[in-house]
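Dumped coords.cif below, it's mmCIF, C-alpha atoms and all ligand atoms:
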```
data_start
#
loop_
_atom_site.label_atom_id
_atom_site.label_comp_id
_atom_site.auth_asym_id
_atom_site.auth_seq_id
_atom_site.Cartn_x
_atom_site.Cartn_y
_atom_site.Cartn_z
CA MET A 288 0.00 0.00 0.00
CA ASN A 289 1.38 3.36 -1.02
CA LEU A 290 1.18 6.37 1.25
CA HIS A 291 1.08 10.09 0.70
CA GLU A 292 4.23 12.07 1.45
CA TYR A 293 2.70 13.59 4.60
CA GLN A 294 1.77 10.13 5.92
CA GLY A 295 5.18 8.70 5.15
CA LYS A 296 6.77 11.61 6.98
CA GLU A 297 4.52 11.00 10.00
CA ILE A 298 5.86 7.46 10.19
CA LEU A 299 9.47 8.60 9.75
CA ASN A 300 9.01 11.22 12.44
CA SER A 301 7.58 8.66 14.86
CA PHE A 302 10.86 6.74 14.58
CA GLY A 303 13.00 9.80 15.14
CA VAL A 304 13.97 10.45 11.52
CA ARG A 305 14.27 14.20 11.07
CA ILE A 306 11.80 15.52 8.53
CA GLN A 307 10.87 18.80 6.95
CA ARG A 308 7.86 19.65 9.09
CA GLY A 309 4.42 20.41 7.79
CA TYR A 310 0.67 20.01 8.00
CA VAL A 311 -1.77 18.70 5.48
CA ALA A 312 -4.57 20.98 4.26
CA GLN A 313 -7.74 20.33 2.25
CA THR A 314 -8.60 23.96 1.49
CA PRO A 315 -6.67 27.23 0.92
CA ASP A 316 -7.88 28.52 4.32
CA GLU A 317 -6.62 25.42 6.04
CA ALA A 318 -3.33 25.93 4.22
CA VAL A 319 -3.01 29.45 5.63
CA ALA A 320 -3.83 28.19 9.13
CA ALA A 321 -1.20 25.47 8.72
CA ALA A 322 1.37 28.03 7.58
CA LYS A 323 0.70 30.25 10.60
CA LYS A 324 1.08 27.29 12.93
CA LEU A 325 4.37 26.30 11.30
CA THR A 326 5.69 29.85 11.63
CA GLU A 327 4.90 29.77 15.35
CA GLU A 328 6.55 26.41 15.80
CA THR A 329 9.60 26.65 13.57
CA GLY A 330 10.04 30.36 12.92
CA THR A 331 9.89 29.78 9.18
CA GLY A 332 8.59 32.71 7.13
CA TRP A 333 8.49 30.89 3.82
CA HIS A 334 6.54 27.73 3.09
CA VAL A 335 6.48 25.07 0.40
CA ILE A 336 3.09 23.94 -0.82
CA LYS A 337 3.21 20.34 -2.03
CA ALA A 338 0.49 18.44 -3.88
CA GLN A 339 -0.34 15.15 -2.15
CA VAL A 340 -0.87 12.49 -4.80
CA HIS A 341 0.53 9.01 -5.23
CA ALA A 342 3.05 9.95 -7.89
CA GLY A 343 6.56 11.30 -7.93
CA GLY A 344 8.01 14.09 -10.05
CA ARG A 345 5.48 16.57 -8.63
CA GLY A 346 8.00 19.38 -8.66
CA LYS A 347 8.39 19.11 -12.43
CA GLY A 348 4.62 19.15 -12.92
CA GLY A 349 4.07 22.32 -10.91
CA GLY A 350 2.88 20.48 -7.82
CA VAL A 351 5.57 21.85 -5.47
CA LYS A 352 5.82 25.62 -5.03
CA LEU A 353 7.47 28.05 -2.67
CA ALA A 354 5.26 30.66 -0.96
CA LYS A 355 6.97 33.74 0.48
CA SER A 356 3.93 35.15 2.27
CA LEU A 357 0.60 34.02 3.67
CA ASP A 358 -1.10 35.57 0.63
CA GLU A 359 1.05 33.40 -1.60
CA VAL A 360 0.26 30.35 0.54
CA LYS A 361 -3.41 30.99 -0.18
CA THR A 362 -3.06 31.62 -3.93
CA ILE A 363 -0.74 28.67 -4.49
CA ALA A 364 -2.86 26.29 -2.39
CA ASP A 365 -5.89 27.46 -4.34
CA GLN A 366 -4.04 26.74 -7.60
CA ILE A 367 -2.84 23.29 -6.60
CA ILE A 368 -5.91 21.91 -4.78
CA GLY A 369 -8.30 20.62 -7.40
CA MET A 370 -5.77 20.61 -10.25
CA ASP A 371 -5.08 17.53 -12.36
CA LEU A 372 -1.38 17.19 -11.78
CA VAL A 373 0.56 15.72 -14.66
CA THR A 374 4.03 14.41 -13.83
CA PRO A 375 6.40 11.99 -15.57
CA GLN A 376 4.84 9.29 -13.37
CA THR A 377 1.14 9.93 -14.06
CA SER A 378 -1.02 9.34 -17.12
CA ALA A 379 -1.58 12.22 -19.57
CA GLU A 380 -4.81 13.13 -17.74
CA GLY A 381 -2.87 13.48 -14.51
CA LYS A 382 -4.01 12.94 -10.95
CA ARG A 383 -6.59 15.06 -9.18
CA VAL A 384 -5.09 16.82 -6.15
CA HIS A 385 -7.37 16.69 -3.10
CA GLN A 386 -4.95 18.02 -0.51
CA VAL A 387 -1.62 19.78 -0.07
CA LEU A 388 1.17 19.54 2.45
CA VAL A 389 2.18 22.95 3.76
CA ALA A 390 5.78 22.53 4.85
CA GLU A 391 8.46 24.74 6.36
CA ASP A 392 10.96 26.06 3.84
CA VAL A 393 14.17 24.27 4.67
CA TYR A 394 16.25 25.61 1.80
CA TYR A 395 17.27 28.61 3.85
CA PRO A 396 17.59 31.84 1.90
CA GLY A 397 21.25 32.58 1.42
CA ASP A 398 22.02 28.88 1.34
CA SER A 399 24.19 28.97 -1.74
CA GLU A 400 24.51 25.23 -2.27
CA PRO A 401 21.97 23.10 -0.44
CA GLU A 402 23.24 19.54 -0.59
CA GLU A 403 20.67 17.02 -1.76
CA TYR A 404 21.17 13.26 -1.56
CA TYR A 405 19.16 10.24 -2.58
CA MET A 406 18.42 7.40 -0.19
CA SER A 407 16.12 4.41 -0.34
CA VAL A 408 15.64 1.27 1.72
CA LEU A 409 14.27 -1.79 0.00
CA LEU A 410 14.50 -5.54 -0.25
CA ASN A 411 17.10 -6.88 -2.66
CA ARG A 412 15.21 -9.92 -3.89
CA GLY A 413 18.36 -11.33 -5.47
CA THR A 414 20.16 -11.70 -2.15
CA GLY A 415 17.11 -11.81 0.09
CA ARG A 416 18.47 -8.95 2.14
CA ASN A 417 17.39 -5.42 2.83
CA MET A 418 19.62 -2.78 1.37
CA ILE A 419 20.15 0.91 1.54
CA MET A 420 20.68 2.48 -1.86
CA TYR A 421 22.06 6.00 -1.83
CA SER A 422 23.65 8.62 -3.99
CA THR A 423 25.24 12.03 -3.87
CA GLU A 424 22.97 12.96 -6.77
CA GLY A 425 19.74 13.70 -4.92
CA GLY A 426 16.80 15.78 -6.04
CA MET A 427 16.80 14.34 -9.55
CA ASP A 428 15.45 11.19 -11.15
CA ILE A 429 17.40 8.26 -9.77
CA GLU A 430 16.72 6.45 -13.08
CA THR A 431 18.68 9.18 -14.89
CA VAL A 432 21.53 8.94 -12.39
CA ALA A 433 21.57 5.15 -12.84
CA GLU A 434 21.82 5.58 -16.60
CA GLU A 435 24.31 8.42 -16.86
CA THR A 436 26.47 8.15 -13.75
CA PRO A 437 25.95 4.69 -12.27
CA HIS A 438 29.19 4.96 -10.28
CA LEU A 439 27.49 7.61 -8.13
CA ILE A 440 24.97 5.10 -6.78
CA PHE A 441 26.02 3.05 -3.76
CA HIS A 442 24.49 0.03 -2.05
CA GLU A 443 24.77 -1.20 1.48
CA GLU A 444 23.35 -4.64 2.22
CA ILE A 445 22.15 -5.43 5.70
CA ASP A 446 22.60 -8.80 7.36
CA PRO A 447 19.24 -9.73 8.88
CA ALA A 448 20.96 -11.38 11.85
CA THR A 449 22.83 -8.26 12.96
CA GLY A 450 20.72 -5.46 11.52
CA LEU A 451 22.43 -2.27 10.36
CA LEU A 452 25.82 -1.98 12.00
CA PRO A 453 27.32 1.35 13.09
CA PHE A 454 30.24 1.03 10.63
CA GLN A 455 27.76 0.75 7.78
CA ALA A 456 26.07 4.01 8.74
CA ARG A 457 29.51 5.65 8.90
CA LYS A 458 30.45 4.25 5.52
CA ILE A 459 27.33 5.78 4.01
CA ALA A 460 28.06 9.19 5.55
CA PHE A 461 31.64 8.94 4.28
CA ASN A 462 30.63 7.98 0.73
CA LEU A 463 28.28 10.95 0.68
CA GLY A 464 31.31 13.16 1.31
CA LEU A 465 30.23 14.37 4.73
CA SER A 466 32.36 15.41 7.68
CA GLY A 467 31.98 16.95 11.12
CA ALA A 468 28.49 17.50 12.54
CA ALA A 469 26.78 16.57 9.26
CA PHE A 470 28.65 13.24 9.21
CA LYS A 471 27.44 12.44 12.71
CA ASP A 472 23.91 13.54 11.95
CA MET A 473 23.84 11.37 8.82
CA THR A 474 24.81 8.26 10.79
CA LYS A 475 21.90 8.94 13.15
CA PHE A 476 19.59 9.60 10.22
CA VAL A 477 20.53 6.33 8.51
CA ALA A 478 20.12 4.29 11.69
CA ALA A 479 16.71 5.79 12.45
CA LEU A 480 15.62 5.38 8.84
CA TYR A 481 16.54 1.71 8.77
CA LYS A 482 14.77 1.04 12.05
CA ALA A 483 11.69 2.87 10.75
CA TYR A 484 11.75 0.69 7.62
CA THR A 485 11.91 -2.63 9.42
CA ASP A 486 9.66 -1.77 12.36
CA SER A 487 6.92 -0.30 10.18
CA ASP A 488 6.83 -3.42 7.95
CA SER A 489 7.56 -1.32 4.89
CA SER A 490 8.53 -2.68 1.52
CA LEU A 491 10.00 0.57 0.21
CA PHE A 492 11.28 3.86 1.52
CA GLU A 493 12.51 6.39 -0.99
CA ILE A 494 13.75 9.68 0.35
CA ASN A 495 14.63 12.03 -2.49
CA PRO A 496 15.95 14.45 -1.56
CA VAL A 497 17.64 13.94 1.77
CA LEU A 498 18.84 17.45 2.58
CA LYS A 499 21.89 18.78 4.37
CA THR A 500 21.00 22.23 5.61
CA SER A 501 23.55 25.01 5.94
CA ASP A 502 23.62 24.34 9.69
CA ASP A 503 24.60 20.71 9.04
CA LYS A 504 21.30 19.03 9.80
CA ILE A 505 20.23 16.00 7.79
CA MET A 506 16.52 15.70 7.05
CA ALA A 507 13.98 14.05 4.78
CA VAL A 508 12.41 16.59 2.44
CA ASP A 509 10.36 14.05 0.50
CA ALA A 510 9.11 10.59 1.48
CA LYS A 511 7.77 7.81 -0.62
CA VAL A 512 6.66 4.96 1.61
CA SER A 513 5.09 1.65 0.57
CA LEU A 514 3.82 -0.60 3.31
CA ASP A 515 3.70 -4.37 3.04
CA ASP A 516 -0.01 -5.20 2.61
CA ASN A 517 0.49 -8.55 4.31
CA ALA A 518 1.51 -6.85 7.55
CA LEU A 519 -1.30 -4.31 7.67
CA TYR A 520 -3.45 -6.56 9.84
CA ARG A 521 -1.18 -5.81 12.77
CA ARG A 522 -1.00 -2.08 12.12
CA LYS A 523 -4.55 -0.74 12.14
CA ASP A 524 -3.24 2.82 12.41
CA TYR A 525 -1.26 2.40 9.19
CA ALA A 526 -4.09 0.54 7.45
CA ALA A 527 -6.30 3.58 8.15
CA MET A 528 -3.91 5.69 6.04
CA ARG A 529 -5.20 4.10 2.87
CA ASP A 530 -6.53 6.68 0.40
CA LYS A 531 -8.78 4.80 -2.01
CA ARG A 532 -9.12 7.90 -4.20
CA GLU A 533 -5.55 7.29 -5.33
CA GLU A 534 -6.16 3.71 -6.39
CA ASN A 535 -7.64 2.15 -9.50
CA GLN A 536 -11.39 2.25 -8.85
CA VAL A 537 -12.09 -1.14 -10.42
CA GLU A 538 -9.37 -2.71 -8.26
CA VAL A 539 -10.87 -1.13 -5.15
CA GLU A 540 -14.31 -2.51 -6.05
CA ALA A 541 -12.83 -5.95 -6.73
CA GLY A 542 -11.11 -5.89 -3.34
CA GLU A 543 -14.42 -5.14 -1.65
CA LYS A 544 -15.92 -8.19 -3.37
CA GLY A 545 -13.03 -10.36 -2.32
CA LEU A 546 -11.70 -10.76 -5.86
CA ASN A 547 -8.05 -10.49 -6.68
CA TYR A 548 -8.02 -8.14 -9.68
CA VAL A 549 -5.24 -6.19 -11.35
CA ASP A 550 -6.04 -3.92 -14.26
CA LEU A 551 -3.80 -4.34 -17.34
CA ASP A 552 -3.65 -2.72 -20.79
CA GLY A 553 -4.73 -5.55 -23.12
CA ASN A 554 -7.92 -6.68 -24.86
CA VAL A 555 -8.65 -10.16 -23.47
CA GLY A 556 -10.39 -10.30 -20.11
CA CYS A 557 -9.43 -13.30 -17.97
CA MET A 558 -11.34 -15.02 -15.23
CA VAL A 559 -9.26 -17.70 -13.59
CA ASN A 560 -9.02 -19.52 -10.28
CA GLY A 561 -5.61 -19.55 -8.65
CA ALA A 562 -2.80 -17.08 -9.19
CA GLY A 563 -0.53 -19.62 -10.90
CA LEU A 564 -3.13 -20.60 -13.44
CA ALA A 565 -3.93 -16.91 -13.94
CA MET A 566 -0.29 -16.24 -14.83
CA ALA A 567 -0.17 -19.21 -17.19
CA THR A 568 -3.40 -18.04 -18.80
CA MET A 569 -1.97 -14.58 -19.38
CA ASP A 570 1.09 -16.15 -21.01
CA LEU A 571 -1.05 -18.24 -23.31
CA ILE A 572 -3.19 -15.27 -24.30
CA LYS A 573 -0.02 -13.43 -25.27
CA GLN A 574 1.26 -16.41 -27.23
CA SER A 575 -1.95 -16.60 -29.19
CA GLY A 576 -1.66 -12.96 -30.20
CA GLY A 577 -3.83 -11.26 -27.59
CA GLU A 578 -2.92 -9.11 -24.61
CA PRO A 579 -4.43 -9.74 -21.18
CA ALA A 580 -6.75 -6.92 -20.05
CA ASN A 581 -6.49 -7.96 -16.46
CA PHE A 582 -5.32 -10.45 -13.90
CA LEU A 583 -8.30 -11.89 -12.08
CA ASP A 584 -8.24 -14.69 -9.55
CA VAL A 585 -11.81 -15.56 -8.52
CA GLY A 586 -10.52 -17.92 -5.87
CA GLY A 587 -11.74 -21.31 -4.81
CA THR A 588 -15.49 -20.72 -4.70
CA ALA A 589 -16.49 -19.83 -8.23
CA ASP A 590 -20.26 -19.69 -7.61
CA ALA A 591 -22.77 -17.75 -9.74
CA GLU A 592 -22.52 -14.65 -7.56
CA ARG A 593 -18.72 -14.42 -7.76
CA VAL A 594 -18.68 -15.26 -11.44
CA GLU A 595 -21.20 -12.51 -12.12
CA ALA A 596 -19.24 -10.00 -10.04
CA ALA A 597 -16.14 -11.00 -12.01
CA PHE A 598 -17.87 -10.59 -15.38
CA GLN A 599 -19.09 -7.16 -14.35
CA LEU A 600 -15.61 -6.05 -13.34
CA ILE A 601 -14.06 -7.30 -16.57
CA LEU A 602 -16.74 -5.62 -18.69
CA LYS A 603 -16.05 -2.23 -17.10
CA ASP A 604 -12.96 -2.12 -19.27
CA PRO A 605 -14.03 -0.89 -22.74
CA ALA A 606 -10.86 -2.36 -24.28
CA VAL A 607 -12.03 -5.94 -23.63
CA LYS A 608 -12.76 -7.73 -26.92
CA ALA A 609 -13.06 -11.28 -25.60
CA ILE A 610 -13.25 -13.02 -22.24
CA LEU A 611 -11.44 -16.24 -21.45
CA VAL A 612 -12.69 -18.15 -18.44
CA ASN A 613 -10.12 -20.73 -17.39
CA ILE A 614 -11.05 -22.62 -14.28
CA PHE A 615 -9.63 -25.76 -12.79
CA GLY A 616 -12.22 -27.72 -10.87
CA GLY A 617 -10.36 -29.37 -8.06
CA ILE A 618 -12.22 -28.68 -4.86
CA VAL A 619 -15.00 -26.91 -6.73
CA ARG A 620 -16.70 -29.10 -9.34
CA CYS A 621 -16.67 -27.96 -12.97
CA ASP A 622 -20.40 -28.50 -13.45
CA ARG A 623 -21.13 -26.14 -10.56
CA VAL A 624 -18.86 -23.50 -12.07
CA ALA A 625 -20.53 -24.01 -15.46
CA GLN A 626 -23.93 -23.53 -13.85
CA GLY A 627 -22.57 -20.42 -12.15
CA ILE A 628 -21.43 -19.04 -15.52
CA ILE A 629 -24.80 -19.81 -17.13
CA ASP A 630 -26.73 -18.22 -14.24
CA ALA A 631 -24.50 -15.17 -14.22
CA TYR A 632 -24.82 -14.78 -17.98
CA LYS A 633 -28.62 -15.03 -17.84
CA ASN A 634 -28.74 -12.59 -14.93
CA MET A 635 -26.72 -10.04 -16.82
CA GLY A 636 -28.86 -10.17 -19.95
CA THR A 637 -26.68 -9.64 -22.97
CA ILE A 638 -22.92 -9.68 -22.93
CA ASN A 639 -21.64 -8.20 -26.17
CA VAL A 640 -18.23 -9.81 -25.98
CA PRO A 641 -17.43 -13.37 -27.06
CA ILE A 642 -16.82 -15.68 -24.11
CA ILE A 643 -14.62 -18.76 -24.23
CA VAL A 644 -14.89 -21.09 -21.27
CA ARG A 645 -12.40 -23.75 -20.46
CA LEU A 646 -13.26 -25.93 -17.51
CA GLN A 647 -10.91 -28.72 -16.58
CA GLY A 648 -10.96 -31.15 -13.67
CA THR A 649 -13.77 -32.84 -11.81
CA ASN A 650 -16.88 -33.27 -14.00
CA ALA A 651 -15.34 -31.30 -16.88
CA ASP A 652 -17.36 -33.28 -19.44
CA ILE A 653 -20.67 -32.57 -17.70
CA ALA A 654 -19.68 -28.91 -17.48
CA LYS A 655 -18.92 -28.74 -21.22
CA LYS A 656 -22.29 -30.28 -22.03
CA LEU A 657 -24.06 -27.79 -19.74
CA ILE A 658 -22.41 -24.88 -21.54
CA ASP A 659 -22.96 -26.34 -25.02
CA ASP A 660 -26.65 -27.03 -24.29
CA SER A 661 -27.30 -23.68 -22.61
CA GLY A 662 -28.09 -21.96 -25.88
CA LEU A 663 -25.92 -19.03 -24.80
CA ASP A 664 -23.26 -17.43 -26.94
CA VAL A 665 -20.46 -19.11 -25.01
CA GLN A 666 -17.80 -21.33 -26.57
CA SER A 667 -16.44 -24.18 -24.53
CA ALA A 668 -13.07 -25.88 -24.55
CA ILE A 669 -11.44 -28.59 -22.54
CA GLU A 670 -7.81 -28.19 -23.56
CA PHE A 671 -5.82 -25.05 -22.75
CA LYS A 672 -4.50 -24.70 -26.31
CA GLU A 673 -7.96 -25.16 -27.77
CA ALA A 674 -9.22 -22.30 -25.59
CA ALA A 675 -6.37 -20.05 -26.72
CA ASP A 676 -7.05 -20.88 -30.38
CA LYS A 677 -10.67 -19.91 -29.91
CA VAL A 678 -9.61 -16.61 -28.36
CA GLN A 679 -7.33 -16.01 -31.33
CA ALA A 680 -10.18 -16.81 -33.74
CA VAL A 681 -12.57 -14.30 -32.18
CA LEU A 682 -9.89 -11.60 -32.10
CA ALA A 683 -8.98 -12.09 -35.75
P1 LIG B 701 8.81 15.36 -6.13
O1 LIG B 701 9.08 16.32 -7.25
O2 LIG B 701 7.47 14.73 -6.25
O3 LIG B 701 9.89 14.37 -5.95
O4 LIG B 701 8.70 16.26 -4.79
P2 LIG B 701 9.83 16.70 -3.73
O5 LIG B 701 9.23 16.67 -2.39
O6 LIG B 701 11.08 15.94 -3.92
O7 LIG B 701 10.07 18.21 -4.10
C1 LIG B 701 10.57 18.61 -5.34
C2 LIG B 701 11.62 19.67 -5.17
O8 LIG B 701 11.07 20.80 -4.51
C3 LIG B 701 12.80 19.29 -4.32
O9 LIG B 701 13.77 18.55 -5.02
C4 LIG B 701 13.33 20.62 -3.89
O10 LIG B 701 14.24 21.11 -4.86
C5 LIG B 701 12.10 21.50 -3.85
N1 LIG B 701 11.76 21.75 -2.44
C6 LIG B 701 11.25 20.87 -1.56
N2 LIG B 701 11.16 21.42 -0.35
C7 LIG B 701 11.63 22.68 -0.47
C8 LIG B 701 11.81 23.76 0.45
O11 LIG B 701 11.56 23.70 1.66
N3 LIG B 701 12.28 24.94 -0.06
C9 LIG B 701 12.59 25.08 -1.37
N4 LIG B 701 13.05 26.24 -1.77
N5 LIG B 701 12.47 24.07 -2.24
C10 LIG B 701 12.00 22.90 -1.81
MN MN B 702 11.20 13.84 -4.52
#
```
Rendering of file as C-alpha cells:
Amino acid sequence: MNLHEYQGKEILNSFGVRIQRGYVAQTPDEAVAAAKKLTEETGTGWHVIKAQVHAGGRGKGGGVKLAKSLDEVKTIADQIIGMDLVTPQTSAEGKRVHQVLVAEDVYYPGDSEPEEYYMSVLLNRGTGRNMIMYSTEGGMDIETVAEETPHLIFHEEIDPATGLLPFQARKIAFNLGLSGAAFKDMTKFVAALYKAYTDSDSSLFEINPVLKTSDDKIMAVDAKVSLDDNALYRRKDYAAMRDKREENQVEVEAGEKGLNYVDLDGNVGCMVNGAGLAMATMDLIKQSGGEPANFLDVGGTADAERVEAAFQLILKDPAVKAILVNIFGGIVRCDRVAQGIIDAYKNMGTINVPIIVRLQGTNADIAKKLIDDSGLDVQSAIEFKEAADKVQAVLA
C-alpha cells in the first residue's frame, strides 16, 4: 500500500527520523492556518506547498511551489488543490489533487549550495536482504543517475541477523562526502531510517531528496513509503492511512468483493481460479496474439454470484474484446462453475463480448455439455490450447 508524502513523513518522524515539518490541508484557508502554525513552531517565514498524490516528479509538474507570504500560501494552495497534476509518473490526464502539504521552507535563503542526496531502503530480492541504496545525486530522477552516472549510486546490504551496524552508517556518511556535525547527523539519520523501515513493515522507503542544511542538519524533504499489505493486519493505524481515491477504482471494487483483480492494458479479459493458473493463462493469451486486459483470480469458490461480479468487473474495461474463463475444478466441481457461468450470464442479460470457457478437472465433461446445451453465446473448450485458439479466432 502506497502512502502520501505527509503520511510517510509521520511514520518517519515517529521513529525519530528528522523531517521537513508540515501540515496537510484540504482547502486554501486550512493551508493558511497550517502556515501560521508552522511559523509559530519553527520560525519559518516561507513555506512550500506540495500536492499530495501518489506519484513522484510533482516538482516538475508544478505540484511543489514556494510561498513567500501568507497571501502566496493561499493563492498557491488554491491553484494546486483541485488541479489535475501531470508528472512523468502519471497518465496524460494526470491525478486530481485533493490536498496539499504545507511545509516549512528548509532551503534557507542565502544557502548557496543546499546539498541534496538520494536514499532508499528496500529488499534486494536477489540476495534476500534489505539494502540501503544511496547517492550524492539527490533531487533528480534516480533512473537518470543510474543511466548516466551509475558509479554515483552506492548500495549497502544489511545482514538480517545483525541489523544495520554502526560502521555501515559511517560508511554511508563517508561515501556521501560528509564530515563533522553533518557526518554524525547522517549516521543517526541512517540508523533511524533503517529502524523505521523494518519496524513499520515497509517494503519501500525512498527519500529524495535527503537534505543537508547550511547548519549541518540531515533531514527528509520528500518521502515515498510503501507498506507491506500482508503486515497491515497488525497495524490498524497504518491501514487507516489508505486513500482509495488514489487507487484504480475497479481494483478497489474488486477488493471489496473479495476478488483479486489487477487492471492491465490488453484486450482479453481473464477469469481464472488460482494465481498460478492466472499467470499461465496470461502467457497463453499473449502467445496466441492477444494481450491480457487484467489479472483476475476468482478464488476457490467460483459460484454464480462471484462469477457474475467478475464478469461485471471485466466488462467495465471498454478495451475488452473477448473473455477467457479458465477454471480448474479441483475442490470446486466444474459443473457447478458451469452452472454459475450460465446463471450469471442469464442474470446479466446480454454480454456483447465473445466468451470462451475452459473448464478442466472434476466433472469437466458434464460442465462442457451444460455450456454447449445452454443456448448461450459461449464457446467451450477442454484443452488449454484449444481455448487459446478460440480466443485467437474471435480476435482475428
Ligand atoms: P517530487 O518532485 O514529487 O519528488 O517532490 P519533492 O518533495 O522531492 O520536491 C521537489 C523539489 O522541490 C525538491 O527537489 C526541492 O528542490 C524543492 N523543495 C522541496 N522542499 C523545499 C523547500 O523547503 N524549499 C525550497 N526552496 N524548495 C523545496
Ligand atoms: Mn522527490
Selection: 7 Å around range 438-443 of chain A, all atoms listed in the file, excl. self and same-chain fewer than 6 positions, as an MDAnalysis selection string: chainID A and resid 418:423
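Take CA of Ala507 in chain A and CA of Tyr520 in chain A: the distance between them is 27.5 Å.
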Please identify every residue of chain A that has at least one atom no farther than 7 Å from an atom of ligand MN 702 (chain B), counting only C-alpha atoms and all ligand atoms, and for each give the shortest atom pair and the distance in Å to one decimal, arranged by chain then increasing number, as a Markdown table.
```
| residue | atom | partner | partner_atom | distance |
| --- | --- | --- | --- | --- |
| A:Gly343 | CA | B:MN702 | MN | 6.3 |
| A:Gly344 | CA | B:MN702 | MN | 6.4 |
| A:Gly426 | CA | B:MN702 | MN | 6.1 |
| A:Ile494 | CA | B:MN702 | MN | 6.9 |
| A:Asn495 | CA | B:MN702 | MN | 4.4 |
| A:Pro496 | CA | B:MN702 | MN | 5.6 |
| A:Asp509 | CA | B:MN702 | MN | 5.1 |
```
Exercise: Lys544 in chain A partners within 10 Å, all atoms listed in the file, chain neighbours under 2 positions left out, as a count of residues only: 11
Closest-contact table, range 503-606 of chain A side, partner range 361-384 of chain A, 12 Å, counting all atoms listed in the file, as a tab-separated table:
```
residue	atom	partner	partner_atom	distance
A:Arg532	CA	A:Arg383	CA	9.1
A:Glu533	CA	A:Lys382	CA	8.1
A:Glu534	CA	A:Lys382	CA	10.5
A:Asn535	CA	A:Lys382	CA	11.5
```
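Atom O3 of ligand LIG 701 (chain B) is positioned 11.0 Å from CA of Gly349 in chain A.
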Surrounding residues as an mmCIF file with C-alpha atoms, keeping the file's coordinate frame, ligand LIG 701 (chain B), max 7 Å, only C-alpha atoms and all ligand atoms:
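This went into result28.cif:
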```cif
data_model
loop_
_atom_site.group_PDB
_atom_site.id
_atom_site.type_symbol
_atom_site.label_atom_id
_atom_site.label_comp_id
_atom_site.auth_asym_id
_atom_site.auth_seq_id
_atom_site.Cartn_x
_atom_site.Cartn_y
_atom_site.Cartn_z
ATOM 1 C CA HIS A 334 6.540 27.730 3.090
ATOM 2 C CA VAL A 335 6.480 25.070 0.400
ATOM 3 C CA ALA A 342 3.050 9.950 -7.890
ATOM 4 C CA GLY A 343 6.560 11.300 -7.930
ATOM 5 C CA GLY A 344 8.010 14.090 -10.050
ATOM 6 C CA ARG A 345 5.480 16.570 -8.630
ATOM 7 C CA GLY A 346 8.000 19.380 -8.660
ATOM 8 C CA LYS A 347 8.390 19.110 -12.430
ATOM 9 C CA VAL A 351 5.570 21.850 -5.470
ATOM 10 C CA LEU A 353 7.470 28.050 -2.670
ATOM 11 C CA ALA A 390 5.780 22.530 4.850
ATOM 12 C CA GLU A 391 8.460 24.740 6.360
ATOM 13 C CA ASP A 392 10.960 26.060 3.840
ATOM 14 C CA VAL A 393 14.170 24.270 4.670
ATOM 15 C CA TYR A 394 16.250 25.610 1.800
ATOM 16 C CA GLY A 426 16.800 15.780 -6.040
ATOM 17 C CA MET A 427 16.800 14.340 -9.550
ATOM 18 C CA ASN A 495 14.630 12.030 -2.490
ATOM 19 C CA PRO A 496 15.950 14.450 -1.560
ATOM 20 C CA VAL A 508 12.410 16.590 2.440
ATOM 21 C CA ASP A 509 10.360 14.050 0.500
#
```
Range 293-295 of chain A surroundings by all atoms listed in the file, 8 Å radius, close-in-sequence under 2 positions cut, as number ranges by chain: A: 290-291, 297-299, 309-311, 339, 388, 510-512, 528
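Between CA of Gly617 in chain A and CA of Leu551 in chain A lies a distance of 27.5 Å.
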Residue contacts of range 572-580 of chain A (9 Å, all atoms listed in the file) excluding same-chain residues fewer than 6 positions away, as a PDB file with C-alpha atoms, keeping the file's coordinate frame:
```
ATOM      1  CA  VAL A 549      -5.240  -6.190 -11.350  1.00  0.00           C
ATOM      2  CA  ASP A 550      -6.040  -3.920 -14.260  1.00  0.00           C
ATOM      3  CA  LEU A 551      -3.800  -4.340 -17.340  1.00  0.00           C
ATOM      4  CA  ASP A 552      -3.650  -2.720 -20.790  1.00  0.00           C
ATOM      5  CA  GLY A 553      -4.730  -5.550 -23.120  1.00  0.00           C
ATOM      6  CA  ASN A 554      -7.920  -6.680 -24.860  1.00  0.00           C
ATOM      7  CA  VAL A 555      -8.650 -10.160 -23.470  1.00  0.00           C
ATOM      8  CA  GLY A 556     -10.390 -10.300 -20.110  1.00  0.00           C
ATOM      9  CA  CYS A 557      -9.430 -13.300 -17.970  1.00  0.00           C
ATOM     10  CA  ILE A 601     -14.060  -7.300 -16.570  1.00  0.00           C
ATOM     11  CA  ASP A 604     -12.960  -2.120 -19.270  1.00  0.00           C
ATOM     12  CA  ALA A 606     -10.860  -2.360 -24.280  1.00  0.00           C
ATOM     13  CA  VAL A 607     -12.030  -5.940 -23.630  1.00  0.00           C
ATOM     14  CA  LEU A 611     -11.440 -16.240 -21.450  1.00  0.00           C
ATOM     15  CA  LYS A 672      -4.500 -24.700 -26.310  1.00  0.00           C
ATOM     16  CA  ALA A 675      -6.370 -20.050 -26.720  1.00  0.00           C
ATOM     17  CA  ASP A 676      -7.050 -20.880 -30.380  1.00  0.00           C
ATOM     18  CA  VAL A 678      -9.610 -16.610 -28.360  1.00  0.00           C
ATOM     19  CA  GLN A 679      -7.330 -16.010 -31.330  1.00  0.00           C
ATOM     20  CA  LEU A 682      -9.890 -11.600 -32.100  1.00  0.00           C
TER      21      LEU A 682
END
```
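Residue nearest Asp516 in chain A, chosen from A:Gly616, A:Leu571, A:Lys531, A:Ser489 and counting all atoms listed in the file: A:Ser489.
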Distance criterion (all atoms listed in the file): nearest to Glu424 in chain A out of A:Leu409, A:Leu498, A:Ala456, A:Met506: A:Leu498
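Using only C-alpha atoms for every distance, the candidate list A:Lys677, A:Glu595, A:Ala651, A:Pro605 yields A:Glu595 as the residue closest to Gly636 in chain A.
For the residues A:Thr436, A:Ser407, A:Asn613, A:Gln599, ranking by smallest atom-to-atom distance to Gly563 in chain A using only C-alpha atoms places A:Asn613 first.
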For range 639-641 of chain A, list every protein, DNA or RNA residue within 9 Å, evaluated using only C-alpha atoms, and leave out those in the same chain fewer than 2 positions away; present the list as a compact mmCIF listing (two decimals) with C-alpha atoms, in the frame of the given file.
```
# COMPACT_ATOMS: atom_id res chain seq x y z
CA LEU A 602 -16.74 -5.62 -18.69
CA VAL A 607 -12.03 -5.94 -23.63
CA LYS A 608 -12.76 -7.73 -26.92
CA ALA A 609 -13.06 -11.28 -25.60
CA ILE A 610 -13.25 -13.02 -22.24
CA LEU A 611 -11.44 -16.24 -21.45
CA THR A 637 -26.68 -9.64 -22.97
CA ILE A 643 -14.62 -18.76 -24.23
CA ASP A 664 -23.26 -17.43 -26.94
CA VAL A 665 -20.46 -19.11 -25.01
CA GLN A 666 -17.80 -21.33 -26.57
CA VAL A 678 -9.61 -16.61 -28.36
CA VAL A 681 -12.57 -14.30 -32.18
```
